[in-house]
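Dumped protein.cif below, it's mmCIF, C-alpha atoms:
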data_model
loop_
_atom_site.label_atom_id
_atom_site.label_comp_id
_atom_site.auth_asym_id
_atom_site.auth_seq_id
_atom_site.Cartn_x
_atom_site.Cartn_y
_atom_site.Cartn_z
CA MET A 1 110.62 -68.13 57.90
CA SER A 2 110.02 -66.57 54.48
CA LEU A 3 110.74 -62.84 53.97
CA TYR A 4 108.23 -62.60 51.11
CA GLU A 5 105.20 -60.40 51.92
CA VAL A 6 102.36 -60.52 49.49
CA GLU A 7 101.20 -57.00 50.31
CA ARG A 8 104.62 -55.52 49.56
CA ASP A 9 105.25 -57.39 46.33
CA PRO A 10 105.95 -54.56 43.83
CA VAL A 11 104.50 -56.53 40.93
CA ARG A 12 101.25 -57.10 42.80
CA ILE A 13 101.15 -53.44 43.86
CA ALA A 14 101.66 -52.28 40.27
CA GLY A 15 98.98 -54.73 39.08
CA ARG A 16 96.55 -53.43 41.70
CA ARG A 17 97.21 -49.82 40.68
CA LEU A 18 96.84 -50.64 37.03
CA ARG A 19 93.52 -52.36 37.64
CA TRP A 20 92.34 -49.38 39.66
CA ALA A 21 93.46 -46.93 36.97
CA ALA A 22 91.83 -48.95 34.20
CA ARG A 23 88.54 -49.08 36.07
CA TRP A 24 88.32 -45.61 37.51
CA VAL A 25 90.47 -43.46 35.20
CA VAL A 26 90.89 -44.92 31.70
CA LEU A 27 87.33 -46.21 31.32
CA PRO A 28 85.61 -42.91 32.31
CA LEU A 29 88.02 -40.93 30.11
CA MET A 30 87.34 -43.15 27.11
CA ALA A 31 83.59 -43.06 27.70
CA GLY A 32 83.69 -39.25 27.94
CA VAL A 33 85.68 -38.86 24.71
CA PHE A 34 83.57 -41.42 22.80
CA LEU A 35 80.26 -39.93 23.92
CA SER A 36 81.38 -36.38 23.27
CA ALA A 37 82.63 -37.28 19.77
CA ASN A 38 79.21 -38.65 18.86
CA VAL A 39 76.89 -36.27 20.72
CA ASP A 40 76.63 -32.55 20.31
CA VAL A 41 75.66 -30.98 23.64
CA ARG A 42 73.59 -28.37 21.83
CA VAL A 43 71.08 -30.99 20.71
CA LEU A 44 70.34 -32.12 24.25
CA PRO A 45 66.93 -30.89 25.46
CA ALA A 46 68.44 -28.70 28.13
CA PHE A 47 70.79 -26.92 25.74
CA GLY A 48 69.89 -24.52 22.95
CA PRO A 49 67.21 -24.49 20.26
CA GLU A 50 66.38 -27.10 17.63
CA ARG A 51 69.40 -28.04 15.58
CA GLN A 52 68.90 -28.25 11.84
CA THR A 53 71.71 -29.07 9.47
CA ALA A 54 72.22 -28.04 5.87
CA VAL A 55 73.70 -30.84 3.77
CA LEU A 56 75.24 -29.41 0.60
CA LEU A 57 75.87 -31.97 -2.13
CA LEU A 58 78.47 -32.01 -4.87
CA ASP A 59 75.79 -31.51 -7.53
CA GLY A 60 74.75 -28.18 -5.97
CA GLN A 61 71.58 -29.43 -4.27
CA ALA A 62 71.00 -28.47 -0.62
CA TYR A 63 68.91 -30.44 1.89
CA PHE A 64 67.90 -29.27 5.35
CA GLY A 65 66.83 -31.46 8.26
CA HIS A 66 67.81 -33.33 11.40
CA LEU A 67 71.15 -35.01 10.75
CA ASP A 68 72.24 -38.31 12.25
CA ASP A 69 75.89 -38.90 11.38
CA SER A 70 76.73 -41.23 14.25
CA GLY A 71 77.02 -44.45 12.25
CA GLU A 72 80.02 -45.77 10.37
CA SER A 73 78.02 -47.00 7.38
CA GLY A 74 79.19 -44.40 4.88
CA THR A 75 75.77 -42.75 4.72
CA LEU A 76 74.24 -39.83 6.59
CA LEU A 77 70.67 -40.06 7.78
CA LEU A 78 68.60 -36.91 7.35
CA ARG A 79 65.08 -36.69 8.78
CA ASP A 80 62.29 -34.12 8.35
CA VAL A 81 63.88 -33.05 5.07
CA TYR A 82 63.33 -29.83 3.14
CA TYR A 83 65.14 -28.71 0.01
CA PHE A 84 65.42 -25.83 -2.44
CA GLN A 85 63.67 -25.86 -5.78
CA SER A 86 64.56 -23.43 -8.54
CA ALA A 87 62.11 -20.53 -8.65
CA SER A 88 63.84 -18.12 -11.01
CA GLY A 89 61.34 -15.89 -12.73
CA GLY A 90 58.82 -16.49 -9.97
CA VAL A 91 56.89 -13.84 -8.09
CA THR A 92 58.58 -14.35 -4.71
CA GLY A 93 61.65 -12.43 -5.86
CA LEU A 94 63.91 -15.27 -4.69
CA ALA A 95 65.84 -17.63 -6.93
CA VAL A 96 64.62 -20.65 -4.94
CA GLY A 97 61.53 -21.92 -3.15
CA LEU A 98 61.41 -24.33 -0.22
CA VAL A 99 59.85 -27.79 -0.69
CA ARG A 100 59.20 -30.50 1.88
CA ARG A 101 60.54 -33.91 0.94
CA GLY A 102 57.72 -36.42 0.77
CA SER A 103 55.39 -34.70 -1.68
CA GLU A 104 57.11 -36.18 -4.75
CA ALA A 105 55.50 -38.70 -7.07
CA HIS A 106 57.09 -41.64 -5.26
CA GLU A 107 56.09 -40.23 -1.83
CA PRO A 108 59.23 -41.18 0.06
CA ALA A 109 58.96 -41.92 3.78
CA ASP A 110 60.83 -39.79 6.28
CA GLY A 111 64.52 -40.61 6.55
CA MET A 112 66.86 -39.92 3.66
CA ARG A 113 70.17 -41.75 3.48
CA ILE A 114 72.82 -39.69 1.74
CA ASN A 115 76.06 -41.14 0.47
CA ARG A 116 78.83 -39.35 2.36
CA ASP A 117 81.02 -39.39 -0.75
CA ARG A 118 78.52 -37.11 -2.49
CA VAL A 119 78.46 -34.56 0.34
CA LEU A 120 80.27 -31.28 -0.20
CA ALA A 121 79.73 -29.67 3.20
CA LEU A 122 77.66 -29.69 6.38
CA GLU A 123 76.52 -26.47 8.00
CA GLN A 124 74.29 -25.62 10.90
CA VAL A 125 71.14 -23.70 9.91
CA GLY A 126 70.74 -20.44 11.82
CA PRO A 127 67.69 -20.63 14.12
CA SER A 128 66.40 -17.25 12.95
CA SER A 129 67.27 -17.77 9.28
CA ALA A 130 64.71 -17.59 6.48
CA VAL A 131 64.91 -21.37 6.04
CA ALA A 132 64.33 -22.07 9.74
CA GLN A 133 61.37 -19.67 9.82
CA ALA A 134 59.79 -21.18 6.71
CA ILE A 135 60.18 -24.69 8.14
CA GLY A 136 58.73 -23.56 11.47
CA ALA A 137 55.78 -21.94 9.69
CA GLN A 138 55.20 -25.11 7.68
CA ARG A 139 55.01 -27.13 10.91
CA GLN A 140 52.52 -24.64 12.30
CA ILE A 141 50.46 -24.79 9.10
CA ALA A 142 50.58 -28.59 8.99
CA ARG A 143 49.82 -28.65 12.74
CA SER A 144 52.54 -31.27 13.20
CA SER A 145 53.17 -32.18 16.82
CA PRO A 146 56.73 -32.83 18.01
CA ALA A 147 57.76 -36.28 19.21
CA LEU A 148 57.44 -36.77 22.95
CA LEU A 149 60.97 -38.06 23.33
CA SER A 150 63.60 -36.53 21.11
CA LEU A 151 67.08 -35.17 21.59
CA ASN A 152 66.32 -32.60 18.92
CA ARG A 153 62.72 -31.52 19.37
CA THR A 154 61.08 -29.82 16.42
CA ASN A 155 59.87 -26.26 16.95
CA ALA A 156 56.86 -24.73 15.25
CA ALA A 157 57.07 -21.04 14.41
CA PRO A 158 55.18 -18.52 16.57
CA SER A 159 51.93 -17.17 15.16
CA GLN A 160 53.46 -13.84 14.08
CA VAL A 161 55.82 -15.70 11.72
CA VAL A 162 52.84 -17.52 10.18
CA VAL A 163 51.03 -14.20 9.79
CA ALA A 164 54.11 -12.73 8.08
CA GLN A 165 54.22 -15.75 5.77
CA ARG A 166 50.51 -15.41 4.95
CA VAL A 167 50.91 -11.71 4.14
CA ALA A 168 53.97 -12.45 1.97
CA ALA A 169 52.01 -15.13 0.08
CA GLU A 170 49.12 -12.68 -0.48
CA HIS A 171 51.56 -10.09 -1.82
CA ASP A 172 53.16 -12.71 -4.09
CA LEU A 173 49.72 -13.58 -5.48
CA GLN A 174 49.11 -9.91 -6.17
CA ARG A 175 52.53 -9.47 -7.80
CA GLY A 176 51.69 -12.37 -10.12
CA PHE A 177 48.36 -10.74 -10.94
CA VAL A 178 50.02 -7.39 -11.63
CA GLY A 179 52.63 -9.07 -13.86
CA ALA A 180 49.95 -10.83 -15.96
CA ALA A 181 47.81 -7.67 -16.14
CA ASP A 182 50.84 -5.61 -17.22
CA GLN A 183 51.54 -8.01 -20.06
CA LEU A 184 47.97 -7.67 -21.28
CA ALA A 185 48.24 -3.89 -21.06
CA LYS A 186 51.46 -3.96 -23.13
CA LEU A 187 49.75 -6.10 -25.75
CA ASN A 188 46.92 -3.57 -25.95
CA GLU A 189 49.45 -0.85 -26.79
CA LEU A 190 50.47 -2.77 -29.93
CA VAL A 191 48.68 -2.58 -33.26
CA LEU A 192 46.28 -5.50 -32.96
CA PRO A 193 44.42 -7.24 -35.78
CA ILE A 194 41.11 -6.66 -33.92
CA SER A 195 39.21 -3.53 -33.10
CA LYS A 196 39.76 -1.53 -29.89
CA THR A 197 36.30 -2.49 -28.64
CA GLU A 198 36.99 -6.17 -29.09
CA ALA A 199 40.41 -5.82 -27.48
CA LYS A 200 38.83 -4.12 -24.48
CA LEU A 201 36.22 -6.83 -24.15
CA ILE A 202 38.86 -9.57 -24.25
CA THR A 203 41.11 -7.72 -21.81
CA ASP A 204 38.26 -7.18 -19.33
CA LYS A 205 37.39 -10.86 -19.52
CA ALA A 206 41.05 -11.78 -18.99
CA LEU A 207 41.31 -9.51 -15.95
CA GLY A 208 38.17 -11.14 -14.57
CA ASP A 209 39.73 -14.58 -14.94
CA LEU A 210 42.99 -13.39 -13.39
CA ARG A 211 41.01 -12.08 -10.41
CA THR A 212 39.36 -15.50 -10.13
CA VAL A 213 42.81 -17.10 -9.97
CA ARG A 214 43.80 -14.63 -7.25
CA ARG A 215 40.64 -15.31 -5.25
CA ASN A 216 41.17 -19.07 -5.56
CA GLY A 217 44.73 -18.58 -4.39
CA LEU A 218 43.49 -16.70 -1.33
CA ALA A 219 40.93 -19.43 -0.69
CA ALA A 220 43.71 -22.04 -0.87
CA ILE A 221 45.74 -20.01 1.65
CA ALA A 222 42.73 -19.86 3.98
CA ALA A 223 42.27 -23.63 3.67
CA ALA A 224 45.97 -24.27 4.31
CA LEU A 225 45.82 -22.13 7.45
CA GLY A 226 42.78 -24.06 8.64
CA MET A 227 40.29 -21.18 8.65
CA PRO A 228 36.63 -22.16 9.13
CA ALA A 229 34.52 -21.86 5.95
CA ALA A 230 32.71 -18.67 7.04
CA ASP A 231 35.94 -16.95 8.07
CA ALA A 232 37.64 -18.10 4.89
CA GLN A 233 34.91 -16.54 2.76
CA SER A 234 35.16 -13.18 4.49
CA TYR A 235 38.97 -13.40 4.46
CA VAL A 236 38.98 -13.95 0.69
CA THR A 237 36.55 -11.10 0.04
CA THR A 238 38.32 -8.63 2.33
CA THR A 239 41.86 -9.48 1.24
CA ASP A 240 40.94 -9.52 -2.44
CA ARG A 241 39.56 -6.01 -2.08
CA LEU A 242 42.68 -4.85 -0.20
CA LEU A 243 45.04 -6.31 -2.79
CA GLU A 244 43.30 -4.69 -5.75
CA GLY A 245 45.43 -1.90 -7.21
CA GLN A 246 48.54 -2.69 -5.13
CA THR A 247 51.91 -3.58 -6.67
CA PHE A 248 54.15 -4.43 -3.65
CA ALA A 249 57.18 -3.78 -5.83
CA ASN A 250 59.43 -2.83 -2.90
CA ASP A 251 58.52 -5.68 -0.55
CA VAL A 252 61.26 -7.59 1.25
CA ASN A 253 61.47 -11.06 -0.28
CA VAL A 254 60.26 -13.80 2.06
CA LEU A 255 61.07 -17.50 1.71
CA LEU A 256 57.64 -19.11 1.97
CA ALA A 257 56.67 -22.27 3.81
CA PRO A 258 56.36 -25.16 1.31
CA ASP A 259 52.54 -25.28 1.38
CA LEU A 260 52.21 -21.54 0.77
CA ASN A 261 54.97 -21.68 -1.83
CA GLY A 262 53.04 -24.40 -3.65
CA ILE A 263 49.91 -22.27 -3.70
CA VAL A 264 51.80 -19.25 -5.05
CA ASN A 265 53.55 -21.39 -7.69
CA SER A 266 50.28 -22.88 -8.91
CA ALA A 267 48.62 -19.47 -9.04
CA THR A 268 51.60 -18.10 -10.99
CA GLN A 269 51.30 -20.93 -13.50
CA LEU A 270 47.60 -20.24 -13.90
CA TYR A 271 48.22 -16.51 -14.33
CA GLY A 272 50.59 -17.44 -17.15
CA GLN A 273 48.11 -19.82 -18.77
CA VAL A 274 45.25 -17.32 -18.58
CA GLY A 275 47.48 -14.50 -19.89
CA ASP A 276 48.75 -16.62 -22.79
CA SER A 277 45.27 -17.77 -23.72
CA TYR A 278 43.93 -14.20 -23.93
CA ALA A 279 47.12 -12.95 -25.59
CA LYS A 280 46.45 -15.43 -28.41
CA GLN A 281 42.92 -14.10 -28.77
CA LEU A 282 44.19 -10.51 -28.85
CA THR A 283 46.81 -11.18 -31.50
CA ALA A 284 44.99 -13.75 -33.65
CA SER A 285 43.75 -12.35 -36.96
CA ARG A 286 40.08 -12.99 -37.50
CA THR A 287 38.61 -14.70 -40.53
CA VAL A 288 34.99 -13.87 -39.73
CA SER A 289 33.44 -10.42 -39.51
CA PRO A 290 34.07 -8.75 -36.16
CA SER A 291 31.27 -8.45 -33.73
CA PRO A 292 31.39 -8.03 -29.94
CA SER A 293 29.16 -11.05 -29.49
CA ALA A 294 31.85 -13.23 -31.02
CA ALA A 295 34.20 -12.48 -28.15
CA PRO A 296 36.21 -15.56 -27.35
CA SER A 297 35.29 -17.43 -24.22
CA PRO A 298 38.26 -18.18 -21.97
CA SER A 299 39.26 -21.78 -21.80
CA PRO A 300 40.14 -21.74 -18.11
CA SER A 301 36.50 -21.23 -17.17
CA ALA A 302 36.83 -24.34 -15.04
CA SER A 303 37.81 -22.29 -12.02
CA PRO A 304 41.47 -22.91 -11.35
CA SER A 305 42.42 -23.90 -7.85
CA PRO A 306 46.09 -23.65 -7.02
CA THR A 307 47.50 -26.69 -5.26
CA PRO A 308 51.09 -27.49 -4.35
CA THR A 309 52.86 -29.45 -7.07
CA ALA A 310 56.34 -29.83 -5.70
CA ARG A 311 58.75 -31.91 -7.68
CA PRO A 312 62.34 -32.86 -6.83
CA MET B 1 69.48 -53.18 48.86
CA ARG B 2 70.92 -53.93 52.27
CA ARG B 3 73.63 -51.39 51.65
CA PHE B 4 71.13 -48.65 50.87
CA ARG B 5 68.89 -49.61 53.78
CA LEU B 6 71.83 -48.97 56.06
CA ALA B 7 72.46 -45.66 54.34
CA TYR B 8 68.90 -44.67 55.12
CA ARG B 9 69.16 -45.63 58.80
CA ASP B 10 72.69 -44.54 59.55
CA PRO B 11 74.08 -42.32 56.81
CA ILE B 12 77.29 -41.39 58.64
CA ARG B 13 78.23 -45.00 59.18
CA TRP B 14 77.35 -45.84 55.59
CA LEU B 15 79.54 -43.03 54.29
CA ARG B 16 82.45 -44.24 56.40
CA LEU B 17 82.01 -47.80 55.22
CA HIS B 18 81.86 -46.86 51.51
CA ARG B 19 84.09 -43.83 51.43
CA ARG B 20 86.62 -45.60 49.17
CA SER B 21 84.00 -46.53 46.56
CA LEU B 22 82.47 -43.07 46.77
CA TRP B 23 85.84 -41.46 46.30
CA ASN B 24 86.57 -43.64 43.28
CA SER B 25 83.15 -42.91 41.78
CA ALA B 26 83.65 -39.18 42.25
CA ILE B 27 87.02 -39.37 40.48
CA ALA B 28 85.49 -41.40 37.62
CA LEU B 29 82.58 -38.98 37.24
CA GLY B 30 84.88 -35.97 37.29
CA LEU B 31 87.15 -37.51 34.68
CA PHE B 32 84.17 -38.46 32.51
CA PHE B 33 82.81 -34.92 32.43
CA ALA B 34 86.29 -33.45 32.00
CA ALA B 35 86.89 -35.70 28.98
CA PHE B 36 83.42 -34.96 27.60
CA PHE B 37 83.74 -31.18 27.71
CA PHE B 38 87.39 -31.21 26.68
CA THR B 39 86.41 -33.17 23.54
CA GLN B 40 83.58 -30.72 22.81
CA TRP B 41 86.05 -27.85 23.05
CA TRP B 42 88.80 -29.70 21.19
CA ASP B 43 86.40 -30.72 18.36
CA LEU B 44 88.79 -33.54 17.38
CA THR B 45 91.01 -31.12 15.45
CA ILE B 46 94.59 -32.12 14.72
CA PRO B 47 97.07 -29.38 15.65
CA ALA B 48 99.09 -27.95 12.78
CA PHE B 49 102.22 -25.90 13.44
CA GLY B 50 103.84 -23.27 11.26
CA ARG B 51 101.00 -22.89 8.81
CA GLY B 52 99.36 -19.71 7.52
CA GLU B 53 96.46 -18.06 9.29
CA TYR B 54 94.08 -18.67 6.37
CA GLN B 55 93.82 -21.39 3.77
CA ALA B 56 92.17 -21.84 0.39
CA VAL B 57 90.27 -25.13 0.24
CA PHE B 58 89.63 -26.41 -3.28
CA LEU B 59 86.70 -28.83 -3.44
CA ALA B 60 85.79 -31.63 -5.81
CA ASN B 61 82.93 -29.68 -7.42
CA GLY B 62 85.25 -26.84 -8.45
CA GLN B 63 84.23 -24.53 -5.63
CA THR B 64 86.83 -22.84 -3.44
CA TYR B 65 86.32 -21.77 0.15
CA PHE B 66 88.67 -19.51 2.08
CA GLY B 67 88.99 -19.61 5.83
CA ARG B 68 90.77 -21.31 8.71
CA TYR B 69 91.07 -24.99 7.80
CA TYR B 70 91.47 -27.64 10.51
CA ASP B 71 92.12 -31.30 9.91
CA ARG B 72 90.07 -33.46 12.26
CA ILE B 73 90.03 -37.06 13.43
CA GLY B 74 87.29 -38.84 11.49
CA ALA B 75 85.64 -38.32 8.12
CA TYR B 76 85.32 -34.53 8.23
CA ALA B 77 87.65 -31.55 8.15
CA LYS B 78 86.54 -28.18 9.49
CA ILE B 79 86.63 -24.69 7.98
CA GLU B 80 85.91 -21.71 10.20
CA ASP B 81 85.07 -18.12 9.15
CA VAL B 82 84.32 -19.17 5.60
CA TYR B 83 84.49 -16.83 2.62
CA TYR B 84 83.89 -17.58 -1.04
CA LEU B 85 84.07 -15.81 -4.36
CA GLN B 86 80.75 -14.74 -5.84
CA GLN B 87 80.44 -13.73 -9.47
CA THR B 88 77.66 -11.49 -10.69
CA ALA B 89 77.03 -10.71 -14.33
CA ALA B 90 78.14 -7.22 -15.30
CA ALA B 91 75.55 -4.76 -16.60
CA ASP B 92 77.42 -4.67 -19.89
CA ALA B 93 77.37 -8.11 -21.53
CA ASP B 94 80.80 -7.53 -23.10
CA LYS B 95 82.48 -6.96 -19.74
CA ALA B 96 83.80 -9.71 -17.48
CA PRO B 97 81.52 -10.60 -14.53
CA ASP B 98 82.08 -8.80 -11.23
CA THR B 99 83.78 -10.96 -8.60
CA ARG B 100 83.29 -10.32 -4.90
CA LEU B 101 84.57 -12.05 -1.78
CA VAL B 102 81.54 -12.89 0.36
CA ARG B 103 81.47 -14.01 3.97
CA ARG B 104 79.40 -17.16 4.41
CA GLY B 105 76.48 -16.61 6.76
CA ARG B 106 74.13 -14.29 4.89
CA GLU B 107 72.52 -17.04 2.82
CA LEU B 108 68.88 -18.04 3.26
CA HIS B 109 69.78 -20.64 5.87
CA ALA B 110 72.19 -18.27 7.72
CA PRO B 111 74.82 -20.95 8.40
CA SER B 112 77.06 -20.77 11.44
CA ALA B 113 80.77 -19.97 11.09
CA ARG B 114 81.74 -23.66 11.35
CA MET B 115 81.56 -25.74 8.18
CA LEU B 116 82.31 -29.46 8.08
CA VAL B 117 83.66 -30.80 4.80
CA PRO B 118 84.11 -34.51 4.08
CA LYS B 119 87.77 -35.17 3.42
CA SER B 120 86.75 -37.08 0.30
CA ALA B 121 85.35 -33.81 -1.17
CA VAL B 122 88.62 -31.89 -0.71
CA LEU B 123 90.94 -31.72 -3.70
CA PHE B 124 93.76 -29.74 -2.10
CA ILE B 125 94.50 -27.04 0.44
CA GLU B 126 96.82 -24.06 0.13
CA ASP B 127 98.01 -21.57 2.71
CA LEU B 128 97.33 -17.93 1.90
CA SER B 129 100.37 -15.70 2.20
CA ASP B 130 100.21 -12.58 4.36
CA ALA B 131 100.37 -10.46 1.20
CA SER B 132 97.34 -12.19 -0.27
CA PRO B 133 94.56 -9.63 -0.91
CA ILE B 134 92.00 -12.25 0.14
CA ALA B 135 93.78 -12.87 3.46
CA GLN B 136 94.06 -9.13 4.06
CA PHE B 137 90.38 -8.63 3.29
CA MET B 138 89.41 -11.42 5.71
CA LYS B 139 91.63 -9.96 8.44
CA GLN B 140 90.06 -6.52 8.01
CA ASP B 141 86.56 -7.95 7.86
CA ARG B 142 87.03 -9.83 11.14
CA ARG B 143 87.87 -6.61 13.03
#

In structure tokens, how does this file's structure come out?
Amino acid sequence: MSLYEVERDPVRIAGRRLRWAARWVVLPLMAGVFLSANVDVRVLPAFGPERQTAVLLLDGQAYFGHLDDSGESGTLLLRDVYYFQSASGGVTGLAVGLVRRGSEAHEPADGMRINRDRVLALEQVGPSSAVAQAIGAQRQIARSSPALLSLNRTNAAPSQVVVAQRVAAEHDLQRGFVGAADQLAKLNELVLPISKTEAKLITDKALGDLRTVRRNGLAAIAAALGMPAADAQSYVTTTDRLLEGQTFANDVNVLLAPDLNGIVNSATQLYGQVGDSYAKQLTASRTVSPSPSAAPSPSPSASPSPTPTARP
Amino acid sequence: MRRFRLAYRDPIRWLRLHRRSLWNSAIALGLFFAAFFFTQWWDLTIPAFGRGEYQAVFLANGQTYFGRYYDRIGAYAKIEDVYYLQQTAAADADKAPDTRLVRRGRELHAPSARMLVPKSAVLFIEDLSDASPIAQFMKQDRR
């Protein structure tokens, strides 16, 4: 009779325990660590707000969007991308403006692959930050609907944020107008090669054209916000009247949604062009005898309409 | 399906029959969630002993960040409570620009206190001594 009992064989017992541990202990632990290392609980629908990441590059550029860094390919994938564009000397009072990636000449599709070697840092964008609010307002303006299934659902800004953005854009338009009008006024204080009457005529015409730029800017804002034609007309008339005479010098600077920023930028460019054109007429010495009827006609009579012209 | 049909008809008997599998599944589920949340808390940082409270992190683009630096498993290191030096031109052009230590977080995108930096972008890291005016400023600012 053999004394060997299979059930009491220590090697078999150890093997059984090892198999049990591998199946019920090691495997769940590894799965938990692996999943946790690749998933941030805050992006899950049940946890927290939308998660946007700022990707700062070595060359100083900053991109904002939904980051996917789960792969091992050496690139980061950024979706729904926005970035800063230099706006120094602009009317917003900020050194940068926000632009949505996709409006460039080559019209890139959504999904930007960034070489990890060129990345300087990754940061999470604050949900109530100026960037997050401008992006939210842009989504509201563009009436973009979030994807049905997404771990990181996009949020549009509430209507009060869009109203604040609209008001800030109106004030920026007016600041641009005031800046151009001030330059004309300073020119009028100089000794000009034309008579005072002629100078006044030219200046009045210039102010009229600048007001046209402002009105077109307001009309572009109304169109961007999707106002019906009748409402847009009354909005332009009312707001234009309210803006007249204001300076808004002490306003808090607001980072505008890309569409509104584009409108303000275009209007600012047009203010500059109109101002320069009339400044030339004010300072140019005449060769023919002066007469009010010979007042120069402004070249930008083709009514300027500001449109976004974002470039990378 | 037969197993579950029995569970529907006679749940007590079904529980008795499968109590071993249920027990094992409960252990596995518990361990899975424990590992998941432990890793979230741990953040894959590698413990470092005997180092200073704050570090200066010199980056490849010439920028320097100050804060609590943590090495991590993977491609990124982590800096928490980040400060940086900001230079503003002095009113007088002949004078040197004013330099201020600024806490990261008040920028337009209001970043959180945690910054991930690719290890490839880090030139070198130095501990700040306790006597360092930058370390002292950061300590005071945290209070």

Problem set entry | Separation of atom CA of A:Arg19 from atom CA of B:Ser25 in Å |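 Here the two named atoms are 14.6 Å from each other.
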
Hey, which bits of stretch 88-119 of chain B sit within 9 Å of stretch 70-77 of chain B, and for each residue what's the closest pair of atoms and how far apart in Å (one decimal), counting only C-alpha atoms, rows by chain and increasing number, as a Markdown table?
| residue | atom | partner | partner_atom | distance |
| --- | --- | --- | --- | --- |
| B:Met115 | CA | B:Ala77 | CA | 8.4 |
| B:Leu116 | CA | B:Ala77 | CA | 5.7 |
| B:Val117 | CA | B:Ala77 | CA | 5.3 |
| B:Pro118 | CA | B:Tyr76 | CA | 4.3 |
| B:Lys119 | CA | B:Tyr76 | CA | 5.4 |

Exercise. Which residues fall under the PyMOL selection byres ((chain B) within 6 of (chain A)) in this file, as a VMD selection string?
Worked result: chain B and resid 28 31 to 32 35 to 36 39 61 108 to 112 115 to 117 121

Could those residues be written to a file, using C-alpha atoms, as a PDB file, in the frame of the given file?
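The file below, out30.pdb, is the result:
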ATOM      1  CA  ALA B  28      85.490 -41.400  37.620  1.00  0.00           C
ATOM      2  CA  LEU B  31      87.150 -37.510  34.680  1.00  0.00           C
ATOM      3  CA  PHE B  32      84.170 -38.460  32.510  1.00  0.00           C
ATOM      4  CA  ALA B  35      86.890 -35.700  28.980  1.00  0.00           C
ATOM      5  CA  PHE B  36      83.420 -34.960  27.600  1.00  0.00           C
ATOM      6  CA  THR B  39      86.410 -33.170  23.540  1.00  0.00           C
ATOM      7  CA  ASN B  61      82.930 -29.680  -7.420  1.00  0.00           C
ATOM      8  CA  LEU B 108      68.880 -18.040   3.260  1.00  0.00           C
ATOM      9  CA  HIS B 109      69.780 -20.640   5.870  1.00  0.00           C
ATOM     10  CA  ALA B 110      72.190 -18.270   7.720  1.00  0.00           C
ATOM     11  CA  PRO B 111      74.820 -20.950   8.400  1.00  0.00           C
ATOM     12  CA  SER B 112      77.060 -20.770  11.440  1.00  0.00           C
ATOM     13  CA  MET B 115      81.560 -25.740   8.180  1.00  0.00           C
ATOM     14  CA  LEU B 116      82.310 -29.460   8.080  1.00  0.00           C
ATOM     15  CA  VAL B 117      83.660 -30.800   4.800  1.00  0.00           C
ATOM     16  CA  ALA B 121      85.350 -33.810  -1.170  1.00  0.00           C
TER      17      ALA B 121
END

For this session: Could you please determine the separation between atom CA of B:Arg68 and atom CA of A:Arg51 in Å, to one decimal place?
Result: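 About the pair atom CA of B:Arg68 and atom CA of A:Arg51: they are 23.4 Å apart.
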
At most 12 Å is the cut-off: for each residue in stretch 19-130 of chain B with any atom that close to an atom of stretch 137-142 of chain B, write down the nearest atom pair and the distance in Å rounded to one decimal, counting only C-alpha atoms, chain first then increasing number, as JSON lines.
{"residue": "B:Glu53", "atom": "CA", "partner": "B:Lys139", "partner_atom": "CA", "distance": 9.5}
{"residue": "B:Tyr54", "atom": "CA", "partner": "B:Met138", "partner_atom": "CA", "distance": 8.6}
{"residue": "B:Gln55", "atom": "CA", "partner": "B:Met138", "partner_atom": "CA", "distance": 11.1}
{"residue": "B:Phe66", "atom": "CA", "partner": "B:Met138", "partner_atom": "CA", "distance": 8.9}
{"residue": "B:Gly67", "atom": "CA", "partner": "B:Met138", "partner_atom": "CA", "distance": 8.2}
{"residue": "B:Arg68", "atom": "CA", "partner": "B:Met138", "partner_atom": "CA", "distance": 10.4}
{"residue": "B:Glu80", "atom": "CA", "partner": "B:Met138", "partner_atom": "CA", "distance": 11.8}
{"residue": "B:Asp81", "atom": "CA", "partner": "B:Met138", "partner_atom": "CA", "distance": 8.7}
{"residue": "B:Val82", "atom": "CA", "partner": "B:Met138", "partner_atom": "CA", "distance": 9.3}
{"residue": "B:Tyr83", "atom": "CA", "partner": "B:Met138", "partner_atom": "CA", "distance": 7.9}
{"residue": "B:Tyr84", "atom": "CA", "partner": "B:Met138", "partner_atom": "CA", "distance": 10.7}
{"residue": "B:Arg100", "atom": "CA", "partner": "B:Phe137", "partner_atom": "CA", "distance": 11.0}
{"residue": "B:Leu101", "atom": "CA", "partner": "B:Phe137", "partner_atom": "CA", "distance": 8.4}
{"residue": "B:Val102", "atom": "CA", "partner": "B:Met138", "partner_atom": "CA", "distance": 9.6}
{"residue": "B:Arg103", "atom": "CA", "partner": "B:Met138", "partner_atom": "CA", "distance": 8.5}
{"residue": "B:Arg104", "atom": "CA", "partner": "B:Met138", "partner_atom": "CA", "distance": 11.6}
{"residue": "B:Ala113", "atom": "CA", "partner": "B:Arg142", "partner_atom": "CA", "distance": 11.9}
{"residue": "B:Leu128", "atom": "CA", "partner": "B:Met138", "partner_atom": "CA", "distance": 10.9}
{"residue": "B:Asp130", "atom": "CA", "partner": "B:Lys139", "partner_atom": "CA", "distance": 9.9}

For this session: Would you translate the PyMOL selection byres ((chain A and resi 232) around 12) into the concrete set of residues it matches in this file, as an MDAnalysis selection string?
Result: chainID A and resid 215:231 233:240

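From atom CA of A:Ala164 back to atom CA of A:Tyr63, the distance works out to 23.9 Å.
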
For this session: Apply the PyMOL selection byres ((chain A and resi 282) around 12) to the displayed file and report the matching residues as number ranges by chain.
Result: A: 183-206, 275-281, 283-286, 295-296, 298
